[in-house]
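File shown here: query_20.tsv, holding TSV, C-alpha atoms and all ligand atoms.
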```
chain	number	residue	atom	x	y	z
A	1	MET	CA	-11.54	23.50	-6.72
A	2	LYS	CA	-12.88	19.94	-6.82
A	3	ASN	CA	-11.31	18.14	-3.87
A	4	PHE	CA	-13.02	14.78	-4.00
A	5	MET	CA	-12.86	11.81	-6.38
A	6	GLU	CA	-15.62	10.27	-8.46
A	7	ILE	CA	-16.30	6.61	-7.86
A	8	SER	CA	-19.43	6.86	-9.97
A	9	ASN	CA	-21.88	9.59	-10.97
A	10	SER	CA	-23.48	9.41	-7.55
A	11	ILE	CA	-20.73	8.10	-5.26
A	12	LYS	CA	-17.81	10.32	-4.28
A	13	TYR	CA	-14.60	9.60	-2.38
A	14	LEU	CA	-14.01	12.10	0.43
A	15	GLY	CA	-10.93	10.54	2.06
A	16	VAL	CA	-7.54	12.00	2.91
A	17	ASN	CA	-3.88	11.02	2.66
A	18	ASP	CA	-1.81	11.16	5.84
A	19	HIS	CA	1.94	11.61	5.39
A	20	THR	CA	2.49	13.09	8.84
A	21	ILE	CA	1.77	9.98	10.91
A	22	ASP	CA	4.76	8.28	12.54
A	23	LEU	CA	3.11	5.09	13.82
A	24	PHE	CA	-0.37	3.92	12.79
A	25	GLU	CA	-2.40	2.78	15.81
A	26	GLY	CA	0.62	3.79	17.88
A	27	GLN	CA	2.73	0.86	16.68
A	28	TYR	CA	2.81	0.19	12.92
A	29	GLN	CA	5.44	1.85	10.74
A	30	VAL	CA	3.79	3.36	7.66
A	31	PRO	CA	6.64	4.74	5.52
A	32	ASN	CA	4.23	5.47	2.67
A	33	GLY	CA	1.64	7.09	4.92
A	34	MET	CA	-1.96	6.14	5.42
A	35	THR	CA	-5.40	6.92	4.02
A	36	TYR	CA	-8.60	7.43	5.94
A	37	ASN	CA	-11.46	6.86	3.53
A	38	SER	CA	-14.96	8.28	3.60
A	39	TYR	CA	-17.68	8.14	0.98
A	40	LEU	CA	-20.70	10.13	-0.12
A	41	ILE	CA	-23.78	8.69	-1.82
A	42	LEU	CA	-25.88	11.31	-3.63
A	43	ASP	CA	-29.45	10.24	-4.33
A	44	GLU	CA	-32.88	11.56	-3.38
A	45	LYS	CA	-31.51	11.18	0.13
A	46	ILE	CA	-27.82	11.71	0.83
A	47	ALA	CA	-25.64	9.51	3.00
A	48	VAL	CA	-22.06	9.95	4.18
A	49	LEU	CA	-20.18	6.82	5.20
A	50	ASP	CA	-17.66	7.34	8.00
A	51	THR	CA	-15.32	10.23	8.74
A	52	VAL	CA	-11.54	10.49	9.19
A	53	ASP	CA	-8.75	10.87	11.74
A	54	VAL	CA	-8.86	13.89	14.05
A	55	ARG	CA	-5.95	15.63	12.31
A	56	PHE	CA	-7.82	15.69	9.01
A	57	THR	CA	-11.42	16.49	9.92
A	58	GLU	CA	-11.22	20.03	8.49
A	59	GLU	CA	-9.81	18.78	5.17
A	60	TRP	CA	-12.48	16.06	5.09
A	61	LEU	CA	-15.27	18.55	5.83
A	62	GLN	CA	-14.10	20.70	2.93
A	63	ASN	CA	-14.11	17.62	0.67
A	64	LEU	CA	-17.65	16.87	1.82
A	65	LYS	CA	-18.91	20.42	1.30
A	66	SER	CA	-17.31	20.54	-2.14
A	67	ALA	CA	-18.96	17.25	-3.17
A	68	LEU	CA	-22.35	18.27	-1.75
A	69	GLY	CA	-22.54	21.62	-3.49
A	70	SER	CA	-25.70	23.26	-2.26
A	71	ARG	CA	-27.23	20.05	-0.91
A	72	GLN	CA	-27.36	18.84	2.70
A	73	PRO	CA	-26.69	15.27	3.91
A	74	ASP	CA	-29.54	13.26	5.45
A	75	TYR	CA	-27.45	10.57	7.13
A	76	LEU	CA	-24.01	9.83	8.54
A	77	ILE	CA	-23.48	6.07	8.57
A	78	VAL	CA	-20.85	5.13	11.16
A	79	GLN	CA	-19.55	1.68	10.27
A	80	HIS	CA	-16.64	1.63	12.71
A	81	MET	CA	-15.95	3.67	15.85
A	82	GLU	CA	-12.15	3.42	15.94
A	83	PRO	CA	-10.97	7.03	16.09
A	84	ASP	CA	-9.18	6.93	12.72
A	85	HIS	CA	-12.71	6.88	11.24
A	86	SER	CA	-14.93	8.44	13.85
A	87	ALA	CA	-13.14	11.65	14.86
A	88	GLY	CA	-15.24	13.75	12.46
A	89	ILE	CA	-18.63	12.72	13.84
A	90	THR	CA	-18.88	15.71	16.18
A	91	VAL	CA	-18.02	18.31	13.54
A	92	PHE	CA	-20.43	16.60	11.10
A	93	ALA	CA	-23.21	16.66	13.69
A	94	GLU	CA	-22.61	20.35	14.40
A	95	THR	CA	-22.40	21.30	10.73
A	96	TYR	CA	-25.48	19.33	9.70
A	97	PRO	CA	-27.86	19.41	12.69
A	98	ASP	CA	-30.75	17.87	10.74
A	99	ALA	CA	-28.84	14.78	9.63
A	100	ALA	CA	-29.44	11.47	11.41
A	101	ILE	CA	-26.56	9.42	12.75
A	102	ILE	CA	-26.81	5.74	11.82
A	103	ALA	CA	-24.81	3.02	13.57
A	104	SER	CA	-25.10	-0.26	15.44
A	105	ALA	CA	-26.13	-0.26	19.11
A	106	PRO	CA	-22.59	-1.04	20.33
A	107	ALA	CA	-21.28	1.78	18.15
A	108	PHE	CA	-23.57	4.26	19.93
A	109	THR	CA	-22.25	2.98	23.28
A	110	MET	CA	-18.72	3.72	22.05
A	111	MET	CA	-19.85	7.12	20.69
A	112	LYS	CA	-20.93	8.10	24.19
A	113	GLN	CA	-17.57	6.92	25.55
A	114	PHE	CA	-15.44	8.64	22.92
A	115	LEU	CA	-17.50	11.75	22.15
A	116	GLY	CA	-19.62	12.23	25.27
A	117	THR	CA	-22.92	11.80	23.42
A	118	ASP	CA	-24.80	9.03	21.65
A	119	PHE	CA	-26.99	11.49	19.73
A	120	SER	CA	-30.12	9.97	21.28
A	121	HIS	CA	-32.41	12.64	19.71
A	122	ARG	CA	-31.24	12.00	16.13
A	123	ARG	CA	-29.88	8.49	15.95
A	124	MET	CA	-30.98	5.43	14.01
A	125	ILE	CA	-29.84	2.12	15.46
A	126	ILE	CA	-29.32	-0.53	12.83
A	127	LYS	CA	-28.55	-4.24	12.94
A	128	GLU	CA	-27.81	-7.11	10.61
A	129	GLY	CA	-30.31	-7.25	7.74
A	130	ASP	CA	-31.70	-3.74	8.13
A	131	ALA	CA	-32.02	-1.64	4.99
A	132	LEU	CA	-32.02	2.05	4.09
A	133	CYS	CA	-33.46	3.33	0.83
A	134	LEU	CA	-31.91	6.52	-0.51
A	135	GLY	CA	-33.83	6.50	-3.81
A	136	LYS	CA	-32.19	4.35	-6.45
A	137	HIS	CA	-29.55	3.28	-3.96
A	138	SER	CA	-30.76	0.71	-1.49
A	139	LEU	CA	-28.34	0.01	1.34
A	140	SER	CA	-28.35	-3.13	3.44
A	141	PHE	CA	-26.28	-3.57	6.56
A	142	LEU	CA	-24.27	-6.63	7.56
A	143	SER	CA	-22.77	-6.94	10.98
A	144	ALA	CA	-19.04	-7.69	10.98
A	145	PRO	CA	-18.08	-8.04	14.64
A	146	MET	CA	-14.32	-8.03	15.32
A	147	VAL	CA	-13.51	-6.93	11.77
A	148	HIS	CA	-11.99	-5.20	13.44
A	149	TRP	CA	-13.96	-4.07	16.54
A	150	PRO	CA	-17.22	-5.54	17.91
A	151	GLU	CA	-19.49	-2.71	16.74
A	152	VAL	CA	-18.57	-2.88	13.05
A	153	ILE	CA	-21.14	-3.00	10.31
A	154	VAL	CA	-20.46	-3.09	6.59
A	155	THR	CA	-22.83	-1.71	3.98
A	156	TYR	CA	-23.92	-3.14	0.64
A	157	ASP	CA	-25.36	-0.93	-2.08
A	158	SER	CA	-27.40	-3.20	-4.37
A	159	TYR	CA	-27.88	-0.46	-6.99
A	160	GLU	CA	-24.17	-0.04	-7.80
A	161	LYS	CA	-23.13	-3.42	-6.36
A	162	ILE	CA	-20.65	-1.84	-3.97
A	163	LEU	CA	-19.53	-3.28	-0.65
A	164	PHE	CA	-18.44	-0.57	1.79
A	165	SER	CA	-16.23	-2.93	3.76
A	166	ALA	CA	-15.02	-0.89	6.77
A	167	ASP	CA	-11.46	-1.99	7.73
A	168	ALA	CA	-11.67	-5.17	5.64
A	169	PHE	CA	-9.68	-4.99	2.38
A	170	GLY	CA	-7.74	-2.00	3.68
A	171	LYS	CA	-4.00	-1.52	3.58
A	172	PHE	CA	-1.24	0.71	4.86
A	173	GLY	CA	-0.02	3.44	2.48
A	174	ALA	CA	-1.42	6.68	1.13
A	175	LEU	CA	-3.18	6.77	-2.23
A	176	ASP	CA	-0.61	9.09	-3.81
A	177	VAL	CA	2.14	6.46	-3.43
A	178	GLU	CA	2.34	3.50	-5.79
A	179	GLU	CA	3.15	0.20	-4.12
A	180	ASP	CA	2.19	-3.45	-4.25
A	181	TRP	CA	-1.27	-3.99	-2.74
A	182	ALA	CA	-0.69	-7.45	-1.28
A	183	ASP	CA	2.45	-6.72	0.77
A	184	GLU	CA	0.99	-3.76	2.65
A	185	ALA	CA	-2.49	-5.28	2.84
A	186	ARG	CA	-1.01	-8.46	4.35
A	187	ARG	CA	1.06	-6.51	6.89
A	188	TYR	CA	-2.07	-4.49	7.77
A	189	TYR	CA	-4.43	-7.48	7.89
A	190	ILE	CA	-2.20	-9.86	9.87
A	191	GLY	CA	-1.16	-7.09	12.25
A	192	ILE	CA	-4.57	-5.63	12.94
A	193	VAL	CA	-7.18	-8.30	12.20
A	194	GLY	CA	-5.07	-11.49	12.08
A	195	LYS	CA	-6.40	-12.80	15.38
A	196	TYR	CA	-9.98	-12.74	14.09
A	197	GLY	CA	-9.80	-15.14	11.14
A	198	MET	CA	-13.06	-16.86	12.05
A	199	GLN	CA	-14.94	-13.55	12.11
A	200	VAL	CA	-13.44	-12.54	8.75
A	201	GLN	CA	-14.50	-15.91	7.34
A	202	ASN	CA	-18.03	-15.18	8.54
A	203	LEU	CA	-17.98	-11.84	6.76
A	204	LEU	CA	-16.65	-13.43	3.55
A	205	LYS	CA	-19.52	-15.94	3.66
A	206	LYS	CA	-22.04	-13.10	3.94
A	207	ALA	CA	-20.30	-11.18	1.16
A	208	ALA	CA	-20.49	-14.23	-1.09
A	209	THR	CA	-24.29	-14.00	-1.06
A	210	VAL	CA	-24.33	-10.66	-2.90
A	211	ASN	CA	-22.99	-9.52	-6.26
A	212	ILE	CA	-20.00	-7.27	-5.55
A	213	GLN	CA	-18.40	-5.28	-8.35
A	214	THR	CA	-16.58	-2.69	-6.21
A	215	ILE	CA	-15.13	-2.77	-2.69
A	216	CYS	CA	-14.79	0.55	-0.86
A	217	PRO	CA	-12.66	0.02	2.26
A	218	LEU	CA	-11.80	2.54	4.96
A	219	HIS	CA	-8.08	2.43	4.10
A	220	GLY	CA	-6.26	2.07	0.80
A	221	PRO	CA	-7.58	2.08	-2.74
A	222	VAL	CA	-11.10	1.43	-3.97
A	223	LEU	CA	-11.02	-2.04	-5.56
A	224	ASN	CA	-13.01	-2.41	-8.76
A	225	GLU	CA	-11.06	-4.86	-10.90
A	226	ASN	CA	-10.05	-8.48	-10.44
A	227	LEU	CA	-11.97	-8.75	-7.17
A	228	GLU	CA	-11.40	-12.52	-7.08
A	229	TYR	CA	-7.72	-11.81	-6.37
A	230	TYR	CA	-8.46	-9.75	-3.26
A	231	LEU	CA	-11.22	-12.06	-2.04
A	232	HIS	CA	-8.95	-15.07	-2.53
A	233	LEU	CA	-6.13	-13.49	-0.50
A	234	TYR	CA	-8.58	-12.61	2.28
A	235	ASP	CA	-9.84	-16.18	2.28
A	236	ILE	CA	-6.26	-17.49	2.59
A	237	TRP	CA	-5.28	-15.06	5.33
A	238	SER	CA	-8.42	-15.53	7.38
A	239	SER	CA	-8.32	-19.33	7.14
A	240	TYR	CA	-4.63	-19.37	8.14
A	241	ALA	CA	-3.78	-21.21	4.92
A	242	VAL	CA	-0.40	-20.99	3.23
A	243	GLU	CA	-0.19	-18.12	0.75
A	244	THR	CA	3.30	-18.84	-0.64
A	245	GLY	CA	5.25	-22.08	-0.60
A	246	GLY	CA	8.62	-21.44	1.03
A	247	VAL	CA	10.43	-20.70	4.25
A	248	LEU	CA	10.80	-17.71	6.54
A	249	ILE	CA	13.92	-17.87	8.68
A	250	ALA	CA	13.45	-15.48	11.60
A	251	TYR	CA	16.48	-15.01	13.80
A	252	THR	CA	18.22	-13.03	16.47
A	253	SER	CA	21.97	-13.06	16.85
A	254	ILE	CA	24.24	-11.39	19.37
A	255	TYR	CA	27.76	-11.81	17.95
A	256	GLY	CA	26.93	-13.30	14.53
A	257	HIS	CA	27.27	-17.04	15.16
A	258	THR	CA	23.54	-17.72	14.97
A	259	LYS	CA	23.33	-15.44	11.94
A	260	GLU	CA	26.08	-17.44	10.23
A	261	ALA	CA	24.06	-20.63	10.66
A	262	VAL	CA	20.92	-18.91	9.35
A	263	LEU	CA	22.60	-17.58	6.22
A	264	LEU	CA	24.15	-20.98	5.57
A	265	LEU	CA	20.75	-22.65	5.89
A	266	ALA	CA	19.21	-20.07	3.55
A	267	ASP	CA	21.87	-20.83	0.90
A	268	LYS	CA	21.29	-24.56	1.26
A	269	LEU	CA	17.52	-24.16	0.93
A	270	ARG	CA	17.90	-22.06	-2.22
A	271	GLU	CA	20.34	-24.57	-3.72
A	272	MET	CA	17.88	-27.36	-3.04
A	273	GLY	CA	15.09	-25.61	-4.91
A	274	CYS	CA	13.03	-24.12	-2.10
A	275	PRO	CA	10.64	-21.80	-3.98
A	276	ALA	CA	11.06	-18.83	-1.63
A	277	VAL	CA	13.45	-18.16	1.24
A	278	THR	CA	13.13	-14.98	3.30
A	279	VAL	CA	15.57	-14.20	6.09
A	280	ALA	CA	14.55	-11.73	8.81
A	281	ASP	CA	16.74	-10.23	11.54
A	282	LEU	CA	14.07	-9.64	14.17
A	283	ALA	CA	16.12	-6.96	15.94
A	284	ARG	CA	16.48	-4.82	12.83
A	285	GLU	CA	13.51	-5.44	10.55
A	286	ASP	CA	9.94	-4.25	10.85
A	287	MET	CA	8.26	-6.65	13.29
A	288	ALA	CA	4.87	-6.35	11.54
A	289	LYS	CA	6.43	-7.43	8.23
A	290	CYS	CA	8.15	-10.38	9.93
A	291	VAL	CA	4.84	-11.42	11.52
A	292	GLY	CA	3.05	-11.06	8.16
A	293	ASP	CA	5.70	-13.21	6.46
A	294	ALA	CA	5.32	-15.93	9.11
A	295	PHE	CA	1.65	-16.19	8.10
A	296	ARG	CA	2.55	-15.96	4.40
A	297	TYR	CA	4.91	-18.93	4.09
A	298	GLY	CA	4.27	-22.57	4.90
A	299	LYS	CA	7.43	-23.14	6.94
A	300	LEU	CA	9.10	-21.12	9.66
A	301	VAL	CA	12.62	-21.54	11.03
A	302	LEU	CA	13.28	-19.89	14.39
A	303	ALA	CA	16.89	-19.26	15.36
A	304	THR	CA	17.97	-17.63	18.59
A	305	PRO	CA	20.50	-17.75	21.40
A	306	THR	CA	19.63	-18.34	25.01
A	307	TYR	CA	19.36	-15.03	26.86
A	308	ASN	CA	18.78	-14.40	30.56
A	309	GLY	CA	17.72	-18.03	30.90
A	310	GLY	CA	15.08	-17.58	28.18
A	311	ILE	CA	15.33	-16.42	24.57
A	312	PHE	CA	16.53	-13.19	23.01
A	313	PRO	CA	13.94	-10.40	23.58
A	314	PHE	CA	13.06	-9.78	19.92
A	315	MET	CA	12.38	-13.49	19.42
A	316	ARG	CA	10.15	-13.56	22.48
A	317	GLU	CA	8.21	-10.56	21.13
A	318	PHE	CA	7.92	-12.18	17.69
A	319	LEU	CA	6.57	-15.45	19.10
A	320	GLN	CA	4.16	-13.57	21.35
A	321	GLN	CA	2.82	-11.68	18.33
A	322	LEU	CA	2.34	-14.95	16.45
A	323	THR	CA	0.48	-16.69	19.27
A	324	GLU	CA	-1.76	-13.64	19.85
A	325	ARG	CA	-2.80	-13.84	16.19
A	326	ASN	CA	-3.69	-17.54	16.27
A	327	PHE	CA	-0.63	-18.69	14.31
A	328	GLN	CA	-1.37	-22.23	13.12
A	329	ASN	CA	-1.13	-24.81	10.34
A	330	ARG	CA	2.61	-24.42	9.79
A	331	THR	CA	5.84	-26.41	9.97
A	332	VAL	CA	8.27	-24.90	12.48
A	333	ALA	CA	11.97	-25.70	12.86
A	334	PHE	CA	14.44	-24.61	15.52
A	335	ILE	CA	18.04	-23.46	15.62
A	336	GLU	CA	19.31	-22.77	19.13
A	337	ASN	CA	22.59	-21.36	20.33
A	338	GLY	CA	23.89	-21.46	23.89
A	339	SER	CA	27.37	-21.35	25.35
A	340	TRP	CA	26.41	-22.88	28.70
A	341	ALA	CA	22.58	-23.26	28.65
A	342	LEU	CA	21.37	-24.79	25.39
A	343	THR	CA	17.66	-24.37	26.09
A	344	ALA	CA	16.31	-21.90	23.52
A	345	ALA	CA	14.51	-24.50	21.36
A	346	LYS	CA	12.67	-25.85	24.41
A	347	THR	CA	11.69	-22.31	25.42
A	348	MET	CA	10.47	-21.41	21.93
A	349	LYS	CA	8.32	-24.56	21.79
A	350	SER	CA	6.77	-23.72	25.14
A	351	VAL	CA	5.88	-20.20	23.94
A	352	LEU	CA	4.23	-21.72	20.86
A	353	GLU	CA	2.28	-24.21	22.98
A	354	PRO	CA	-1.11	-22.43	22.46
A	355	CYS	CA	-0.83	-22.60	18.66
A	356	LYS	CA	-2.96	-25.16	16.85
A	357	ASN	CA	-1.73	-27.61	14.25
A	358	LEU	CA	1.98	-26.83	14.25
A	359	THR	CA	4.35	-29.54	13.05
A	360	PHE	CA	7.79	-29.30	14.57
A	361	ALA	CA	10.64	-30.40	12.28
A	362	GLU	CA	12.38	-33.58	13.41
A	363	ASN	CA	15.82	-32.10	12.82
A	364	GLU	CA	17.01	-29.35	15.13
A	365	VAL	CA	20.29	-27.45	15.11
A	366	HIS	CA	22.09	-27.12	18.44
A	367	ILE	CA	24.99	-24.66	18.33
A	368	LYS	CA	27.36	-24.44	21.27
A	369	SER	CA	28.74	-20.92	20.83
A	370	ALA	CA	29.82	-21.41	17.18
A	371	LEU	CA	29.15	-23.81	14.32
A	372	ASN	CA	31.18	-27.02	14.33
A	373	GLU	CA	31.14	-30.27	12.44
A	374	GLU	CA	28.23	-31.63	14.43
A	375	SER	CA	25.99	-28.58	14.10
A	376	LEU	CA	26.89	-28.21	10.40
A	377	ALA	CA	25.65	-31.76	9.87
A	378	GLN	CA	22.45	-30.85	11.72
A	379	LEU	CA	22.00	-27.87	9.38
A	380	ASP	CA	22.35	-30.17	6.36
A	381	ALA	CA	19.76	-32.54	7.77
A	382	LEU	CA	17.35	-29.70	8.52
A	383	ALA	CA	17.74	-28.28	5.00
A	384	ILE	CA	16.92	-31.67	3.48
A	385	GLU	CA	13.87	-32.07	5.71
A	386	LEU	CA	12.54	-28.59	4.92
A	387	CYS	CA	13.06	-29.07	1.18
A	388	LYS	CA	11.68	-32.54	0.81
A	389	ASP	CA	8.37	-31.20	-0.55
A	390	TYR	CA	10.07	-28.89	-3.01
A	391	SER	CA	13.15	-30.43	-4.60
A	392	SER	CA	14.20	-33.47	-6.55
A	393	LYS	CA	17.78	-32.76	-5.40
A	394	ALA	CA	16.86	-33.05	-1.73
A	401	LIG	FE1	-9.08	1.73	10.50
A	401	LIG	FE2	-10.09	-0.40	12.98
A	401	LIG	O1	-9.77	1.25	12.18
```
Once more with this new file: its structure as structure tokens, please.
Ligand code: FEO
Amino acid sequence: MKNFMEISNSIKYLGVNDHTIDLFEGQYQVPNGMTYNSYLILDEKIAVLDTVDVRFTEEWLQNLKSALGSRQPDYLIVQHMEPDHSAGITVFAETYPDAAIIASAPAFTMMKQFLGTDFSHRRMIIKEGDALCLGKHSLSFLSAPMVHWPEVIVTYDSYEKILFSADAFGKFGALDVEEDWADEARRYYIGIVGKYGMQVQNLLKKAATVNIQTICPLHGPVLNENLEYYLHLYDIWSSYAVETGGVLIAYTSIYGHTKEAVLLLADKLREMGCPAVTVADLAREDMAKCVGDAFRYGKLVLATPTYNGGIFPFMREFLQQLTERNFQNRTVAFIENGSWALTAAKTMKSVLEPCKNLTFAENEVHIKSALNEESLAQLDALAIELCKDYSSKA
């Protein structure tokens, strides 16, 4: 049975689908599973790029053996040492004792830490600009530190014009499930790499110097059409630019009064022509999606009650996740609710203090327990302010 996919006559996909995982990286919900990708280049010399998660190394090894036929690999190129890609190194090294292990110097340091050996008798240490000729395929290596760990290299094959991009351009979701690329790629990117926009920009600049016709990431599908679309989204995400005009209203509510204000504001924004309005209950919705949406839209409304002298726990977690990921370049508005300590807006602003280039809306909504005439008027004023860029009615 053939248990690998053809990317071209000489490049094979060896990856696996994971539908057994509950939380990717111990925290991200992946209802449609996950892929761990690995690739094989067959030429005069043979190279394998990366391995897979520990629970799938046997399946991956069978894929590799099937694709190799009677041949033996010459190299294992380790682009990234995170265990979802590196768990098969040991079994590869045991199965193919004559193959060299190729990686960056920091990757070999991590190999010793994770696997107990850095393969000093059979390793090749590579760095930015180094090349490896396999025959027709000539590979060049680009360092991509913090995309998403410091040891990462990506690999460009000038013969088939393929960028093996490590974690970059990956997404959540297994390959046997059809779903929109951008939504799960955004949730993956913002969650996992969002903090490192500058480093991703550096990688995009390097990638722009070569002719790329196919991107082979370590998660998600191989990309070989309309590459401008994917590159453009990565440029937006990594430069913290606005992807979609519109508003995310992120809220927490204890007895429904704050929620009532949020839903009213959402209706007003839609009536006034706001191009997109997304409402997220931070206690009930996937936090990674909420964080991704905060980076997607140009404006963010935060609504929460005071709680234990601070803000409701899910809002605190949300804001912490934004600040950790260098949230910036956005308009932020505040709705606070407090029955005896109306201080949530002040607390939220202080948590956002480290963020660069945030514009706080002039109009705030201050709810004392429940909406009244005064706070309803504040909601109207906030809706008008948020919509002034979008609507002739506002
Ligand atoms: Fe898919 Fe950073 O590992």
Inset, instruction - Residues within 6 Å of ligand LIG 401 (chain A), counting only C-alpha atoms and all ligand atoms: report them as a ChimeraX atom specification. - result: /A:82,84,148,167
For the residues selected in the previous step, produce a file with C-alpha atoms as an mmCIF file, keeping the file's coordinate frame.
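Everything below was put into again-v7.cif:
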```cif
data_model
loop_
_atom_site.group_PDB
_atom_site.id
_atom_site.type_symbol
_atom_site.label_atom_id
_atom_site.label_comp_id
_atom_site.auth_asym_id
_atom_site.auth_seq_id
_atom_site.Cartn_x
_atom_site.Cartn_y
_atom_site.Cartn_z
ATOM 1 C CA GLU A 82 -12.150 3.420 15.940
ATOM 2 C CA ASP A 84 -9.180 6.930 12.720
ATOM 3 C CA HIS A 148 -11.990 -5.200 13.440
ATOM 4 C CA ASP A 167 -11.460 -1.990 7.730
#
```
Counting all atoms listed in the file, which residues come within 12 Å of (-9.6, -9.8, -5.6), with the point read in the file's coordinates, and could you list them as a compact mmCIF listing (two decimals) with C-alpha atoms, keeping the file's coordinate frame?
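Result file is out_17.txt:
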```
# COMPACT_ATOMS: atom_id res chain seq x y z
CA PHE A 169 -9.68 -4.99 2.38
CA TRP A 181 -1.27 -3.99 -2.74
CA ALA A 182 -0.69 -7.45 -1.28
CA ALA A 185 -2.49 -5.28 2.84
CA ILE A 212 -20.00 -7.27 -5.55
CA GLN A 213 -18.40 -5.28 -8.35
CA THR A 214 -16.58 -2.69 -6.21
CA ILE A 215 -15.13 -2.77 -2.69
CA VAL A 222 -11.10 1.43 -3.97
CA LEU A 223 -11.02 -2.04 -5.56
CA ASN A 224 -13.01 -2.41 -8.76
CA GLU A 225 -11.06 -4.86 -10.90
CA ASN A 226 -10.05 -8.48 -10.44
CA LEU A 227 -11.97 -8.75 -7.17
CA GLU A 228 -11.40 -12.52 -7.08
CA TYR A 229 -7.72 -11.81 -6.37
CA TYR A 230 -8.46 -9.75 -3.26
CA LEU A 231 -11.22 -12.06 -2.04
CA HIS A 232 -8.95 -15.07 -2.53
CA LEU A 233 -6.13 -13.49 -0.50
CA TYR A 234 -8.58 -12.61 2.28
CA ASP A 235 -9.84 -16.18 2.28
CA ILE A 236 -6.26 -17.49 2.59
```
Legend entry - Contact residues around segment 107-109 of chain A with all atoms listed in the file at 10 Å, ignoring same-chain residues under 4 positions, as a PyMOL selection string: chain A and resi 78-82+101-103+113-120+123-126+149-153
Legend entry - Best match for closeness to Asp180 of chain A among A:Pro221, A:Ala47, A:Arg270, A:Ser86, counting all atoms listed in the file: A:Pro221
Legend entry - Residues within 9 Å of segment 130-135 of chain A, all atoms listed in the file, excluding chain neighbours under 2 positions, as an MDAnalysis selection string: chainID A and resid 41:47 126:128 137:142
Legend entry - From A:Leu300, A:Gln320, A:Asp50, A:Ser104, residue lying nearest Thr90 of chain A [all atoms listed in the file]: A:Asp50
Inset, instruction - Kindly give the distance, in Å, that separates atom CA of Tyr196 of chain A and atom CA of Gly129 of chain A, rounded to a single decimal. - result: 22.0 Å
Inset, instruction - Would you mind telling me which residue in A:Val301, A:Leu342, A:Met348, A:Ile192 lies nearest to Leu382 of chain A when using all atoms listed in the file? - result: A:Val301
Legend entry - Best match for closeness to Phe327 of chain A among A:His219, A:Lys195, A:Lys349, A:Arg284, counting all atoms listed in the file: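 Among the listed residues, A:Lys195 lies closest to Phe327 of chain A.
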Inset, instruction - Enter the distance from atom CA of Asn326 of chain A to atom CA of Gln199 of chain A, in Å, rounded to one decimal. - result: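 Taking atom CA of Asn326 of chain A and atom CA of Gln199 of chain A, their separation equals 12.6 Å.
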Inset, instruction - Find the residues around Thr244 of chain A up to 7 Å (only C-alpha atoms counted), leave out those fewer than 4 positions away in its own chain, and share them as a PyMOL selection string. - result: chain A and resi 296-298
Final N, CA and C atoms of segment 85-96 of chain A as a PDB file, keeping the file's coordinate frame:
```
ATOM      1  N   HIS A  85     -11.540   6.699  12.116  1.00  0.00           N
ATOM      2  CA  HIS A  85     -12.710   6.880  11.240  1.00  0.00           C
ATOM      3  C   HIS A  85     -13.834   7.688  11.880  1.00  0.00           C
ATOM      4  N   SER A  86     -13.777   7.856  13.171  1.00  0.00           N
ATOM      5  CA  SER A  86     -14.930   8.440  13.850  1.00  0.00           C
ATOM      6  C   SER A  86     -14.686   9.850  14.396  1.00  0.00           C
ATOM      7  N   ALA A  87     -13.468  10.366  14.220  1.00  0.00           N
ATOM      8  CA  ALA A  87     -13.140  11.650  14.860  1.00  0.00           C
ATOM      9  C   ALA A  87     -13.938  12.818  14.278  1.00  0.00           C
ATOM     10  N   GLY A  88     -14.493  12.648  13.083  1.00  0.00           N
ATOM     11  CA  GLY A  88     -15.240  13.750  12.460  1.00  0.00           C
ATOM     12  C   GLY A  88     -16.723  13.739  12.766  1.00  0.00           C
ATOM     13  N   ILE A  89     -17.186  12.804  13.586  1.00  0.00           N
ATOM     14  CA  ILE A  89     -18.630  12.720  13.840  1.00  0.00           C
ATOM     15  C   ILE A  89     -19.139  14.004  14.488  1.00  0.00           C
ATOM     16  N   THR A  90     -18.411  14.521  15.454  1.00  0.00           N
ATOM     17  CA  THR A  90     -18.880  15.710  16.180  1.00  0.00           C
ATOM     18  C   THR A  90     -19.011  16.909  15.243  1.00  0.00           C
ATOM     19  N   VAL A  91     -17.971  17.144  14.430  1.00  0.00           N
ATOM     20  CA  VAL A  91     -18.020  18.310  13.540  1.00  0.00           C
ATOM     21  C   VAL A  91     -19.117  18.115  12.478  1.00  0.00           C
ATOM     22  N   PHE A  92     -19.327  16.866  12.039  1.00  0.00           N
ATOM     23  CA  PHE A  92     -20.430  16.600  11.100  1.00  0.00           C
ATOM     24  C   PHE A  92     -21.766  16.945  11.758  1.00  0.00           C
ATOM     25  N   ALA A  93     -21.934  16.452  12.995  1.00  0.00           N
ATOM     26  CA  ALA A  93     -23.210  16.660  13.690  1.00  0.00           C
ATOM     27  C   ALA A  93     -23.484  18.149  13.922  1.00  0.00           C
ATOM     28  N   GLU A  94     -22.437  18.907  14.191  1.00  0.00           N
ATOM     29  CA  GLU A  94     -22.610  20.350  14.400  1.00  0.00           C
ATOM     30  C   GLU A  94     -22.899  21.076  13.090  1.00  0.00           C
ATOM     31  N   THR A  95     -22.243  20.628  12.024  1.00  0.00           N
ATOM     32  CA  THR A  95     -22.400  21.300  10.730  1.00  0.00           C
ATOM     33  C   THR A  95     -23.751  20.983  10.094  1.00  0.00           C
ATOM     34  N   TYR A  96     -24.230  19.764  10.325  1.00  0.00           N
ATOM     35  CA  TYR A  96     -25.480  19.330   9.700  1.00  0.00           C
ATOM     36  C   TYR A  96     -26.450  18.865  10.791  1.00  0.00           C
TER      37      TYR A  96
END
```
